[in-house]
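Undergrad: Provided herewith: coords_29.pdb, PDB, C-alpha atoms.
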ATOM      1  CA  MET Q   1       0.000   0.000   0.000
ATOM      2  CA  SER Q   2       1.435   3.406  -0.896
ATOM      3  CA  SER Q   3       1.644   6.191   1.651
ATOM      4  CA  THR Q   4       3.187   9.629   1.923
ATOM      5  CA  THR Q   5       3.616  11.495  -1.331
ATOM      6  CA  VAL Q   6       5.851  14.410  -2.308
ATOM      7  CA  SER Q   7       5.831  16.771  -5.261
ATOM      8  CA  PRO Q   8       9.387  16.623  -6.516
ATOM      9  CA  SER Q   9       9.245  19.581  -8.893
ATOM     10  CA  PRO Q  10       6.818  22.104 -10.432
ATOM     11  CA  GLN Q  11       6.710  19.937 -13.545
ATOM     12  CA  ALA Q  12       5.916  16.778 -11.578
ATOM     13  CA  ALA Q  13       3.364  18.655  -9.504
ATOM     14  CA  LYS Q  14       1.263  19.007 -12.620
ATOM     15  CA  THR Q  15       1.027  15.233 -12.842
ATOM     16  CA  ALA Q  16       0.519  12.591 -10.208
ATOM     17  CA  PRO Q  17       2.770  12.972  -7.134
ATOM     18  CA  VAL Q  18       5.332  10.277  -6.426
ATOM     19  CA  ALA Q  19       4.293   7.699  -3.822
ATOM     20  CA  LEU Q  20       7.008   6.879  -1.285
ATOM     21  CA  PRO Q  21       7.595   3.254  -0.249
ATOM     22  CA  LYS Q  22       7.501   2.490   3.467
ATOM     23  CA  SER Q  23      11.248   1.796   3.470
ATOM     24  CA  VAL Q  24      11.964   5.308   2.175
ATOM     25  CA  ILE Q  25       9.600   6.879   4.700
ATOM     26  CA  PHE Q  26      11.266   5.176   7.676
ATOM     27  CA  ALA Q  27      14.824   5.587   6.349
ATOM     28  CA  THR Q  28      14.476   9.309   5.623
ATOM     29  CA  SER Q  29      12.795   9.829   9.000
ATOM     30  CA  GLY Q  30      15.706   8.218  10.826
ATOM     31  CA  LEU Q  31      18.399   9.953   8.766
ATOM     32  CA  GLY Q  32      16.665  13.309   9.173
ATOM     33  CA  GLY Q  33      16.528  12.798  12.927
ATOM     34  CA  ILE Q  34      20.242  11.942  13.037
ATOM     35  CA  ILE Q  35      21.236  14.993  10.975
ATOM     36  CA  GLY Q  36      19.131  17.285  13.139
ATOM     37  CA  TRP Q  37      20.483  15.744  16.352
ATOM     38  CA  CYS Q  38      24.131  16.187  15.350
ATOM     39  CA  ILE Q  39      23.401  19.911  14.986
ATOM     40  CA  VAL Q  40      21.525  20.426  18.263
ATOM     41  CA  HIS Q  41      23.182  17.882  20.583
ATOM     42  CA  PRO Q  42      25.282  20.545  22.382
ATOM     43  CA  PHE Q  43      22.109  22.431  23.268
ATOM     44  CA  ASN Q  44      20.508  19.246  24.563
ATOM     45  CA  THR Q  45      23.544  18.595  26.771
ATOM     46  CA  ALA Q  46      23.406  22.162  28.087
ATOM     47  CA  ALA Q  47      19.658  21.863  28.748
ATOM     48  CA  VAL Q  48      20.105  18.583  30.652
ATOM     49  CA  ARG Q  49      22.947  19.956  32.776
ATOM     50  CA  MET Q  50      21.176  23.222  33.547
ATOM     51  CA  ASN Q  51      17.983  21.386  34.406
ATOM     52  CA  LEU Q  52      19.671  18.869  36.709
ATOM     53  CA  ALA Q  53      22.059  21.362  38.344
ATOM     54  CA  SER Q  54      19.324  22.523  40.703
ATOM     55  CA  MET Q  55      19.221  18.985  42.172
ATOM     56  CA  GLN Q  56      22.630  19.819  43.655
ATOM     57  CA  GLY Q  57      21.642  23.339  44.626
ATOM     58  CA  LYS Q  58      23.695  24.816  41.793
ATOM     59  CA  HIS Q  59      22.967  27.199  38.974
ATOM     60  CA  THR Q  60      24.799  26.995  35.687
ATOM     61  CA  SER Q  61      24.686  28.532  32.225
ATOM     62  CA  ILE Q  62      25.932  27.759  28.746
ATOM     63  CA  MET Q  63      28.892  30.131  29.230
ATOM     64  CA  GLY Q  64      29.604  28.539  32.599
ATOM     65  CA  ILE Q  65      29.759  25.123  30.955
ATOM     66  CA  PHE Q  66      32.180  26.520  28.352
ATOM     67  CA  ARG Q  67      34.480  27.918  31.037
ATOM     68  CA  GLU Q  68      34.408  24.974  33.441
ATOM     69  CA  GLN Q  69      34.218  21.946  31.150
ATOM     70  CA  GLY Q  70      35.106  23.124  27.660
ATOM     71  CA  PHE Q  71      33.074  23.240  24.462
ATOM     72  CA  MET Q  72      33.700  19.612  23.497
ATOM     73  CA  SER Q  73      32.089  18.433  26.739
ATOM     74  CA  LEU Q  74      28.790  19.489  25.188
ATOM     75  CA  TYR Q  75      29.186  16.552  22.812
ATOM     76  CA  ASP Q  76      29.250  14.030  25.675
ATOM     77  CA  GLY Q  77      26.704  11.329  24.901
ATOM     78  CA  LEU Q  78      26.541  12.089  21.169
ATOM     79  CA  ALA Q  79      26.749   8.388  20.261
ATOM     80  CA  ALA Q  80      23.766   7.624  22.487
ATOM     81  CA  GLY Q  81      21.875  10.606  21.071
ATOM     82  CA  VAL Q  82      22.455   9.434  17.507
ATOM     83  CA  GLY Q  83      21.465   5.890  18.470
ATOM     84  CA  ARG Q  84      18.299   7.280  20.041
ATOM     85  CA  GLN Q  85      17.364   8.937  16.745
ATOM     86  CA  VAL Q  86      17.816   5.661  14.860
ATOM     87  CA  PHE Q  87      14.989   4.176  16.910
ATOM     88  CA  TYR Q  88      13.022   7.264  17.982
ATOM     89  CA  ALA Q  89      12.896   9.462  14.887
ATOM     90  CA  SER Q  90      12.507   6.631  12.398
ATOM     91  CA  SER Q  91       9.670   4.993  14.329
ATOM     92  CA  ARG Q  92       7.967   8.250  15.375
ATOM     93  CA  LEU Q  93       7.878   9.948  11.982
ATOM     94  CA  GLY Q  94       7.666   6.732  10.000
ATOM     95  CA  LEU Q  95       4.737   5.449  12.031
ATOM     96  CA  PHE Q  96       3.049   8.862  11.953
ATOM     97  CA  ASP Q  97       3.144   9.108   8.161
ATOM     98  CA  THR Q  98       2.079   5.492   7.757
ATOM     99  CA  CYS Q  99      -0.775   5.586  10.299
ATOM    100  CA  ARG Q 100      -1.972   8.989   9.080
ATOM    101  CA  ASP Q 101      -2.296   7.677   5.538
ATOM    102  CA  ILE Q 102      -4.040   4.506   6.713
ATOM    103  CA  LEU Q 103      -6.502   6.643   8.674
ATOM    104  CA  HIS Q 104      -7.047   8.830   5.603
ATOM    105  CA  GLU Q 105      -7.927   5.803   3.495
ATOM    106  CA  TYR Q 106     -10.308   4.557   6.181
ATOM    107  CA  ARG Q 107     -12.021   7.909   6.928
ATOM    108  CA  GLY Q 108     -11.633   9.557   3.553
ATOM    109  CA  LYS Q 109     -10.074  12.687   5.071
ATOM    110  CA  THR Q 110      -7.142  13.908   7.144
ATOM    111  CA  ASP Q 111      -8.122  16.534   9.716
ATOM    112  CA  PHE Q 112      -6.377  18.035  12.740
ATOM    113  CA  ALA Q 113      -8.139  15.729  15.199
ATOM    114  CA  GLY Q 114      -6.886  12.696  13.305
ATOM    115  CA  ARG Q 115      -3.349  14.081  13.285
ATOM    116  CA  VAL Q 116      -3.512  14.672  17.049
ATOM    117  CA  VAL Q 117      -4.584  11.099  17.798
ATOM    118  CA  VAL Q 118      -2.047   9.562  15.446
ATOM    119  CA  GLY Q 119       0.717  11.898  16.645
ATOM    120  CA  ALA Q 120       0.139  11.084  20.314
ATOM    121  CA  ALA Q 121      -0.083   7.316  19.774
ATOM    122  CA  THR Q 122       2.967   7.045  17.520
ATOM    123  CA  GLY Q 123       5.010   9.381  19.739
ATOM    124  CA  ALA Q 124       4.390   7.293  22.856
ATOM    125  CA  THR Q 125       5.142   4.086  20.934
ATOM    126  CA  ALA Q 126       8.442   5.485  19.673
ATOM    127  CA  ALA Q 127       9.405   6.529  23.219
ATOM    128  CA  ALA Q 128       8.813   3.028  24.554
ATOM    129  CA  ILE Q 129      11.033   1.611  21.810
ATOM    130  CA  SER Q 130      13.896   4.079  22.295
ATOM    131  CA  CYS Q 131      13.849   4.626  26.078
ATOM    132  CA  PRO Q 132      17.113   2.690  26.745
ATOM    133  CA  MET Q 133      18.940   5.071  24.397
ATOM    134  CA  GLU Q 134      17.304   8.045  26.123
ATOM    135  CA  VAL Q 135      18.535   6.888  29.535
ATOM    136  CA  ALA Q 136      22.043   6.472  28.114
ATOM    137  CA  THR Q 137      21.931   9.939  26.524
ATOM    138  CA  VAL Q 138      20.870  11.658  29.768
ATOM    139  CA  ARG Q 139      23.502   9.877  31.871
ATOM    140  CA  MET Q 140      26.387  10.412  29.480
ATOM    141  CA  SER Q 141      25.459  14.059  28.916
ATOM    142  CA  ASN Q 142      25.269  14.908  32.619
ATOM    143  CA  ASP Q 143      27.951  12.690  34.194
ATOM    144  CA  VAL Q 144      30.690  15.320  34.075
ATOM    145  CA  ASN Q 145      28.383  17.768  35.857
ATOM    146  CA  LEU Q 146      28.105  15.541  38.964
ATOM    147  CA  PRO Q 147      30.435  15.774  41.978
ATOM    148  CA  PRO Q 148      33.531  13.566  41.381
ATOM    149  CA  GLU Q 149      32.444  11.012  43.991
ATOM    150  CA  GLU Q 150      29.029  10.590  42.343
ATOM    151  CA  ARG Q 151      30.158  10.269  38.732
ATOM    152  CA  ARG Q 152      29.670   6.977  36.946
ATOM    153  CA  ASN Q 153      32.600   7.667  34.575
ATOM    154  CA  TYR Q 154      31.184   5.791  31.624
ATOM    155  CA  LYS Q 155      33.754   4.884  28.977
ATOM    156  CA  GLY Q 156      31.335   4.810  26.075
ATOM    157  CA  LEU Q 157      27.902   3.751  24.904
ATOM    158  CA  MET Q 158      28.536   0.019  25.261
ATOM    159  CA  ASP Q 159      29.918   0.579  28.759
ATOM    160  CA  VAL Q 160      26.709   2.409  29.696
ATOM    161  CA  PHE Q 161      24.557  -0.529  28.598
ATOM    162  CA  LYS Q 162      26.813  -3.122  30.204
ATOM    163  CA  ARG Q 163      26.942  -1.348  33.560
ATOM    164  CA  ILE Q 164      23.246  -0.490  33.713
ATOM    165  CA  TYR Q 165      22.434  -4.135  32.984
ATOM    166  CA  THR Q 166      24.873  -5.580  35.541
ATOM    167  CA  GLU Q 167      24.558  -2.944  38.289
ATOM    168  CA  GLU Q 168      20.883  -1.932  38.120
ATOM    169  CA  GLY Q 169      19.030  -4.522  36.078
ATOM    170  CA  VAL Q 170      17.047  -4.397  32.845
ATOM    171  CA  SER Q 171      14.259  -2.272  34.357
ATOM    172  CA  ALA Q 172      16.693   0.643  34.756
ATOM    173  CA  PHE Q 173      16.736   1.028  30.976
ATOM    174  CA  TRP Q 174      13.113   2.173  31.202
ATOM    175  CA  ARG Q 175      13.578   4.424  34.233
ATOM    176  CA  GLY Q 176      11.740   7.623  33.355
ATOM    177  CA  SER Q 177       9.890   5.887  30.534
ATOM    178  CA  VAL Q 178       6.491   7.199  31.661
ATOM    179  CA  PRO Q 179       7.341  10.924  31.461
ATOM    180  CA  PHE Q 180       9.360  10.178  28.322
ATOM    181  CA  ALA Q 181       6.316   8.539  26.704
ATOM    182  CA  GLN Q 182       4.050  11.341  27.939
ATOM    183  CA  ARG Q 183       6.450  13.931  26.564
ATOM    184  CA  ALA Q 184       6.751  12.021  23.279
ATOM    185  CA  ALA Q 185       2.962  11.886  22.972
ATOM    186  CA  LEU Q 186       2.839  15.670  23.371
ATOM    187  CA  VAL Q 187       5.697  15.999  20.896
ATOM    188  CA  GLY Q 188       3.676  13.888  18.503
ATOM    189  CA  VAL Q 189       0.792  16.313  18.915
ATOM    190  CA  PHE Q 190       2.639  19.630  19.095
ATOM    191  CA  GLN Q 191       5.518  18.888  16.725
ATOM    192  CA  VAL Q 192       4.440  16.314  14.160
ATOM    193  CA  ALA Q 193       0.705  16.967  14.029
ATOM    194  CA  THR Q 194       0.918  20.770  14.303
ATOM    195  CA  LEU Q 195       3.717  20.906  11.735
ATOM    196  CA  ASP Q 196       1.545  18.969   9.314
ATOM    197  CA  GLN Q 197      -1.298  21.397  10.033
ATOM    198  CA  PHE Q 198       0.919  24.504   9.820
ATOM    199  CA  LYS Q 199       2.102  23.367   6.398
ATOM    200  CA  GLU Q 200      -1.462  23.491   5.138
ATOM    201  CA  LEU Q 201      -2.251  26.782   6.903
ATOM    202  CA  TYR Q 202       0.816  28.582   5.556
ATOM    203  CA  ALA Q 203       0.228  27.141   2.095
ATOM    204  CA  HIS Q 204      -3.345  28.452   2.183
ATOM    205  CA  TYR Q 205      -2.905  31.848   3.852
ATOM    206  CA  PHE Q 206       0.617  32.788   2.705
ATOM    207  CA  LYS Q 207       0.473  31.080  -0.702
ATOM    208  CA  GLN Q 208       3.516  28.940   0.067
ATOM    209  CA  GLU Q 209       4.036  25.794  -1.944
ATOM    210  CA  LYS Q 210       3.358  22.959   0.475
ATOM    211  CA  GLY Q 211       6.530  20.992   1.098
ATOM    212  CA  SER Q 212       8.831  23.782  -0.101
ATOM    213  CA  LEU Q 213      11.786  24.784   2.092
ATOM    214  CA  ALA Q 214      10.069  28.024   3.121
ATOM    215  CA  ASN Q 215       6.908  26.134   4.007
ATOM    216  CA  VAL Q 216       8.772  23.491   6.036
ATOM    217  CA  PHE Q 217      10.984  26.079   7.793
ATOM    218  CA  SER Q 218       8.158  28.385   8.920
ATOM    219  CA  SER Q 219       5.975  25.450   9.954
ATOM    220  CA  ALA Q 220       8.829  23.798  11.878
ATOM    221  CA  MET Q 221       9.675  27.001  13.766
ATOM    222  CA  SER Q 222       6.040  27.446  14.785
ATOM    223  CA  SER Q 223       5.534  23.876  15.969
ATOM    224  CA  GLY Q 224       8.944  23.870  17.691
ATOM    225  CA  LEU Q 225       8.033  26.859  19.859
ATOM    226  CA  ILE Q 226       4.702  25.356  20.863
ATOM    227  CA  TYR Q 227       6.011  21.942  21.776
ATOM    228  CA  SER Q 228       9.057  23.194  23.701
ATOM    229  CA  ILE Q 229       6.813  25.217  26.027
ATOM    230  CA  ALA Q 230       4.347  22.353  26.441
ATOM    231  CA  THR Q 231       6.855  19.574  27.076
ATOM    232  CA  MET Q 232       9.600  21.174  29.203
ATOM    233  CA  PRO Q 233       8.149  20.039  32.601
ATOM    234  CA  LEU Q 234       7.919  16.458  31.332
ATOM    235  CA  GLU Q 235      11.468  16.700  29.987
ATOM    236  CA  ALA Q 236      12.641  17.850  33.435
ATOM    237  CA  ALA Q 237      10.829  14.962  35.144
ATOM    238  CA  LYS Q 238      12.261  12.463  32.665
ATOM    239  CA  ASN Q 239      15.810  13.776  33.148
ATOM    240  CA  ARG Q 240      15.617  13.496  36.924
ATOM    241  CA  MET Q 241      14.115  10.025  36.899
ATOM    242  CA  ALA Q 242      16.600   8.738  34.324
ATOM    243  CA  SER Q 243      19.704  10.126  36.067
ATOM    244  CA  GLN Q 244      18.859   9.429  39.735
ATOM    245  CA  LYS Q 245      20.553   6.914  42.006
ATOM    246  CA  PRO Q 246      18.919   4.966  44.856
ATOM    247  CA  ASP Q 247      19.364   6.435  48.336
ATOM    248  CA  LYS Q 248      22.483   4.969  49.952
ATOM    249  CA  VAL Q 249      20.650   4.266  53.220
ATOM    250  CA  THR Q 250      17.145   3.222  52.198
ATOM    251  CA  GLY Q 251      17.878   2.002  48.675
ATOM    252  CA  LYS Q 252      14.787   3.836  47.442
ATOM    253  CA  LEU Q 253      14.499   6.251  44.541
ATOM    254  CA  LEU Q 254      13.544   9.854  45.232
ATOM    255  CA  TYR Q 255      11.438  10.205  42.082
ATOM    256  CA  THR Q 256       8.895   7.482  41.370
ATOM    257  CA  SER Q 257       6.365   8.926  38.902
ATOM    258  CA  THR Q 258       5.816  11.915  36.663
ATOM    259  CA  LEU Q 259       3.362  13.754  38.915
ATOM    260  CA  GLN Q 260       5.299  12.891  42.077
ATOM    261  CA  THR Q 261       8.490  14.237  40.492
ATOM    262  CA  MET Q 262       6.834  17.455  39.363
ATOM    263  CA  ARG Q 263       5.183  17.952  42.767
ATOM    264  CA  THR Q 264       8.428  17.280  44.632
ATOM    265  CA  VAL Q 265      10.434  19.667  42.472
ATOM    266  CA  SER Q 266       7.765  22.362  42.629
ATOM    267  CA  ALA Q 267       7.504  22.092  46.430
ATOM    268  CA  SER Q 268      11.243  22.126  47.114
ATOM    269  CA  GLU Q 269      12.565  24.340  44.321
ATOM    270  CA  GLY Q 270       9.545  26.115  42.848
ATOM    271  CA  PHE Q 271       7.540  25.323  39.729
ATOM    272  CA  LEU Q 272       9.878  27.308  37.492
ATOM    273  CA  ALA Q 273      12.683  24.893  38.385
ATOM    274  CA  LEU Q 274      11.011  22.557  35.896
ATOM    275  CA  TYR Q 275      11.914  25.132  33.242
ATOM    276  CA  ASN Q 276      15.596  25.412  34.162
ATOM    277  CA  GLY Q 277      17.542  25.219  30.912
ATOM    278  CA  PHE Q 278      14.557  26.309  28.815
ATOM    279  CA  LEU Q 279      16.576  28.459  26.377
ATOM    280  CA  PRO Q 280      18.918  25.671  25.203
ATOM    281  CA  TYR Q 281      15.960  23.279  25.313
ATOM    282  CA  TYR Q 282      13.980  25.541  22.964
ATOM    283  CA  ILE Q 283      16.997  25.919  20.670
ATOM    284  CA  ARG Q 284      17.272  22.134  20.703
ATOM    285  CA  CYS Q 285      13.540  21.687  20.017
ATOM    286  CA  GLY Q 286      13.204  24.405  17.396
ATOM    287  CA  GLY Q 287      16.568  23.682  15.804
ATOM    288  CA  HIS Q 288      15.996  19.943  15.662
ATOM    289  CA  THR Q 289      12.510  20.402  14.274
ATOM    290  CA  VAL Q 290      13.793  22.674  11.503
ATOM    291  CA  ALA Q 291      16.902  20.628  10.651
ATOM    292  CA  MET Q 292      15.103  17.284  10.833
ATOM    293  CA  PHE Q 293      12.066  18.123   8.737
ATOM    294  CA  ILE Q 294      14.020  20.064   6.126
ATOM    295  CA  SER Q 295      16.482  17.162   5.853
ATOM    296  CA  VAL Q 296      13.605  14.692   5.525
ATOM    297  CA  GLN Q 297      11.936  16.860   2.885
ATOM    298  CA  LEU Q 298      15.159  17.235   0.866
ATOM    299  CA  MET Q 299      15.840  13.495   0.935
ATOM    300  CA  ARG Q 300      12.283  12.656  -0.088
ATOM    301  CA  ASP Q 301      12.394  15.234  -2.887
ATOM    302  CA  PHE Q 302      15.694  13.752  -4.065
ATOM    303  CA  TYR Q 303      14.158  10.293  -4.107
ATOM    304  CA  ALA Q 304      11.133  11.605  -6.032
ATOM    305  CA  ARG Q 305      13.376  13.160  -8.684
ATOM    306  CA  SER Q 306      15.391   9.950  -8.979
ATOM    307  CA  VAL Q 307      12.545   7.547  -9.722
TER     308      VAL Q 307
END
Any chance you could put this one into structure tokens?

TA:
Amino acid sequence: MSSTTVSPSPQAAKTAPVALPKSVIFATSGLGGIIGWCIVHPFNTAAVRMNLASMQGKHTSIMGIFREQGFMSLYDGLAAGVGRQVFYASSRLGLFDTCRDILHEYRGKTDFAGRVVVGAATGATAAAISCPMEVATVRMSNDVNLPPEERRNYKGLMDVFKRIYTEEGVSAFWRGSVPFAQRAALVGVFQVATLDQFKELYAHYFKQEKGSLANVFSSAMSSGLIYSIATMPLEAAKNRMASQKPDKVTGKLLYTSTLQTMRTVSASEGFLALYNGFLPYYIRCGGHTVAMFISVQLMRDFYARSV
């Protein structure tokens, strides 16, 4: 069954658009996610460190990270971040396009409500698949920011997986999976579904060609702003749950659920502590949205011109 289509050129647009095979949809989704992540990974590292610094009663900034740890430290955990995109971006965007088109064939239309439902479901599914990589990304990105006696000193991605498995058990790979899935569901709604909707709105009201670089860029910037504001508290909860260690005396974890984490942080540090690191997080969200979707669009257009 065919699915997503693209209009490769003005000449082709006058005829039938090219149907993309499922393999191309999933491959371009994953590659687009990887390209976007390589660009914004430093901002993700800064956002994670700034967000988790308040757990130690510290305040930090991007310039502070530069001075204390060096620019290259912002690329800590890049391998895990890229690995995360292989599973997360390919499944999230690939499943969204596929399920959206299936729903269109079943209902005979594609409206915003349908995009919201599909975006939320596919986002949560992708999070469940890629959660082990997310845990590895958070830990590797923030390890250098911990006090020396608390650092795990991971040697690489494989060392992270080996040590989590042997020291904490398989369940630790899904620590923070609930807020991650909740955040991913909102990302599916506010990033994927709203971007799809913004494309149509800007094409209609601003006479942009749907799928053009200008159309993708303006739509991605709009959806990126919305979803970064909506998902930051869940990102903060996920980071804390994924990076925490059991209490040395009781053996219990401080954070046990999304709401409990958000309540605990709000009570002890104030609600705005959940938005610590918002600026680099927004740059990460907006930048990744723009870079990923433009990369995906370019690759799909290239494929359409080649067949």

Undergrad: Evaluate the PyMOL selection byres ((chain Q and resi 110) around 12) on the structure here and hand back the selected residues as a short mmCIF file (atom, residue, chain, number, x, y, z; two decimals) with C-alpha atoms, keeping the file's coordinate frame.

TA:
data_model
loop_
_atom_site.label_atom_id
_atom_site.label_comp_id
_atom_site.auth_asym_id
_atom_site.auth_seq_id
_atom_site.Cartn_x
_atom_site.Cartn_y
_atom_site.Cartn_z
CA ASP Q 97 3.14 9.11 8.16
CA CYS Q 99 -0.78 5.59 10.30
CA ARG Q 100 -1.97 8.99 9.08
CA ASP Q 101 -2.30 7.68 5.54
CA ILE Q 102 -4.04 4.51 6.71
CA LEU Q 103 -6.50 6.64 8.67
CA HIS Q 104 -7.05 8.83 5.60
CA GLU Q 105 -7.93 5.80 3.50
CA TYR Q 106 -10.31 4.56 6.18
CA ARG Q 107 -12.02 7.91 6.93
CA GLY Q 108 -11.63 9.56 3.55
CA LYS Q 109 -10.07 12.69 5.07
CA ASP Q 111 -8.12 16.53 9.72
CA PHE Q 112 -6.38 18.04 12.74
CA ALA Q 113 -8.14 15.73 15.20
CA GLY Q 114 -6.89 12.70 13.30
CA ARG Q 115 -3.35 14.08 13.28
CA VAL Q 116 -3.51 14.67 17.05
CA VAL Q 117 -4.58 11.10 17.80
CA VAL Q 118 -2.05 9.56 15.45
CA ALA Q 193 0.70 16.97 14.03
CA ASP Q 196 1.54 18.97 9.31
CA GLN Q 197 -1.30 21.40 10.03
CA GLU Q 200 -1.46 23.49 5.14
#

Undergrad: Which residue gives the smallest distance to Ile34 (chain Q) among Q:Met262, Q:Val290, Q:Ala304, Q:Val86, with only C-alpha atoms counted?

TA: Q:Val86

Undergrad: What is the distance between CA of Ala124 (chain Q) and CA of Ala214 (chain Q), in Å to one decimal?

TA: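 For CA of Ala124 (chain Q) relative to CA of Ala214 (chain Q), the distance reads 29.2 Å.
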
Undergrad: Please, what distance in Å, to one decimal, runs between CA of Phe190 (chain Q) and CA of Ser219 (chain Q)?

TA: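 Separation of CA of Phe190 (chain Q) and CA of Ser219 (chain Q): 11.3 Å.
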
Undergrad: Rounded to one decimal place, report the CA of Thr289 (chain Q)-CA of Leu74 (chain Q) distance in Å.

TA: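 One can read the CA of Thr289 (chain Q) to CA of Leu74 (chain Q) distance as 19.6 Å.
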
Undergrad: Quick one: of Q:Leu274, Q:Ala120, Q:Met133, Q:Leu234, who's nearest to Val82 (chain Q), counting all atoms listed in the file?

TA: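 Result for the nearest residue to Val82 (chain Q): Q:Met133.
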
Undergrad: Extract, using only C-alpha atoms, all DNA, RNA and protein residues at most 8 Å from Ser177 (chain Q), discarding same-chain residues fewer than 6 positions from it, and format them as a PyMOL selection string.

TA: chain Q and resi 127-128+131+238

Undergrad: Starting from the shown file, work through the PyMOL selection byres ((chain Q and resi 259) around 12) and note down what comes out as JSON, numbers by chain.

TA: {"Q": [176, 178, 179, 182, 233, 234, 236, 237, 238, 241, 255, 256, 257, 258, 260, 261, 262, 263, 264, 265, 266, 267]}

Undergrad: Go through Q:Met158, Q:Leu213, Q:Met55, Q:Ala273 and flag the residue nearest Val296 (chain Q), using only C-alpha atoms for the distances.

TA: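 Checking each candidate against Val296 (chain Q), we get Q:Leu213 as the closest.
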
Undergrad: Set the distance at 12 Å and use all atoms listed in the file: which residues neighbour Tyr281 (chain Q) once local chain neighbours fewer than 4 positions away are removed? I'd like the list as an mmCIF file with C-alpha atoms, in the frame of the given file.

TA:
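Full text of selection_32.cif as output:
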data_model
loop_
_atom_site.group_PDB
_atom_site.id
_atom_site.type_symbol
_atom_site.label_atom_id
_atom_site.label_comp_id
_atom_site.auth_asym_id
_atom_site.auth_seq_id
_atom_site.Cartn_x
_atom_site.Cartn_y
_atom_site.Cartn_z
ATOM 1 C CA VAL Q 40 21.525 20.426 18.263
ATOM 2 C CA HIS Q 41 23.182 17.882 20.583
ATOM 3 C CA PRO Q 42 25.282 20.545 22.382
ATOM 4 C CA PHE Q 43 22.109 22.431 23.268
ATOM 5 C CA ASN Q 44 20.508 19.246 24.563
ATOM 6 C CA THR Q 45 23.544 18.595 26.771
ATOM 7 C CA ALA Q 46 23.406 22.162 28.087
ATOM 8 C CA ALA Q 47 19.658 21.863 28.748
ATOM 9 C CA VAL Q 48 20.105 18.583 30.652
ATOM 10 C CA ARG Q 49 22.947 19.956 32.776
ATOM 11 C CA MET Q 50 21.176 23.222 33.547
ATOM 12 C CA ASN Q 51 17.983 21.386 34.406
ATOM 13 C CA ILE Q 62 25.932 27.759 28.746
ATOM 14 C CA GLY Q 224 8.944 23.870 17.691
ATOM 15 C CA LEU Q 225 8.033 26.859 19.859
ATOM 16 C CA TYR Q 227 6.011 21.942 21.776
ATOM 17 C CA SER Q 228 9.057 23.194 23.701
ATOM 18 C CA ILE Q 229 6.813 25.217 26.027
ATOM 19 C CA ALA Q 230 4.347 22.353 26.441
ATOM 20 C CA THR Q 231 6.855 19.574 27.076
ATOM 21 C CA MET Q 232 9.600 21.174 29.203
ATOM 22 C CA PRO Q 233 8.149 20.039 32.601
ATOM 23 C CA GLU Q 235 11.468 16.700 29.987
ATOM 24 C CA ALA Q 236 12.641 17.850 33.435
ATOM 25 C CA LEU Q 274 11.011 22.557 35.896
ATOM 26 C CA TYR Q 275 11.914 25.132 33.242
ATOM 27 C CA ASN Q 276 15.596 25.412 34.162
ATOM 28 C CA GLY Q 277 17.542 25.219 30.912
ATOM 29 C CA CYS Q 285 13.540 21.687 20.017
ATOM 30 C CA GLY Q 286 13.204 24.405 17.396
ATOM 31 C CA GLY Q 287 16.568 23.682 15.804
ATOM 32 C CA HIS Q 288 15.996 19.943 15.662
ATOM 33 C CA THR Q 289 12.510 20.402 14.274
#

Undergrad: Could you list, as a list of chain:residue names, every residue matched by the PyMOL selection byres ((chain Q and resi 24) around 10) in this structure?

TA: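 Taken over the shown coordinates, the PyMOL selection byres ((chain Q and resi 24) around 10) returns Q:Thr4, Q:Leu20, Q:Pro21, Q:Lys22, Q:Ser23, Q:Ile25, Q:Phe26, Q:Ala27, Q:Thr28, Q:Ser29, Q:Gly30, Q:Gly94, Q:Met299, Q:Arg300, Q:Tyr303.
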
Undergrad: Pick from Q:Ser218, Q:Ser130, Q:Ser306, Q:Ser171: nearest to Gln85 (chain Q), with only C-alpha atoms counted?

TA: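 Of Q:Ser218, Q:Ser130, Q:Ser306, Q:Ser171, the one nearest Gln85 (chain Q) is Q:Ser130, counting only C-alpha atoms.
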
Undergrad: Pick from Q:Ser243, Q:Val135, Q:Ile283, Q:Leu272: nearest to Arg151 (chain Q), with only C-alpha atoms counted?

TA: Q:Ser243

Undergrad: Which residue gives the smallest distance to Arg175 (chain Q) among Q:Arg92, Q:Lys58, Q:Arg84, Q:Lys245, with all atoms listed in the file counted?

TA: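 The answer is Q:Lys245, which sits nearest to Arg175 (chain Q).
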
Undergrad: Leaving out Leu78 (chain Q) and any residue of its chain fewer than 2 positions from it, which residues lie within 9 Å of it when counting only C-alpha atoms, given as a ChimeraX atom specification?

TA: /Q:37-38,41-42,74-76,80-83,137,140-141
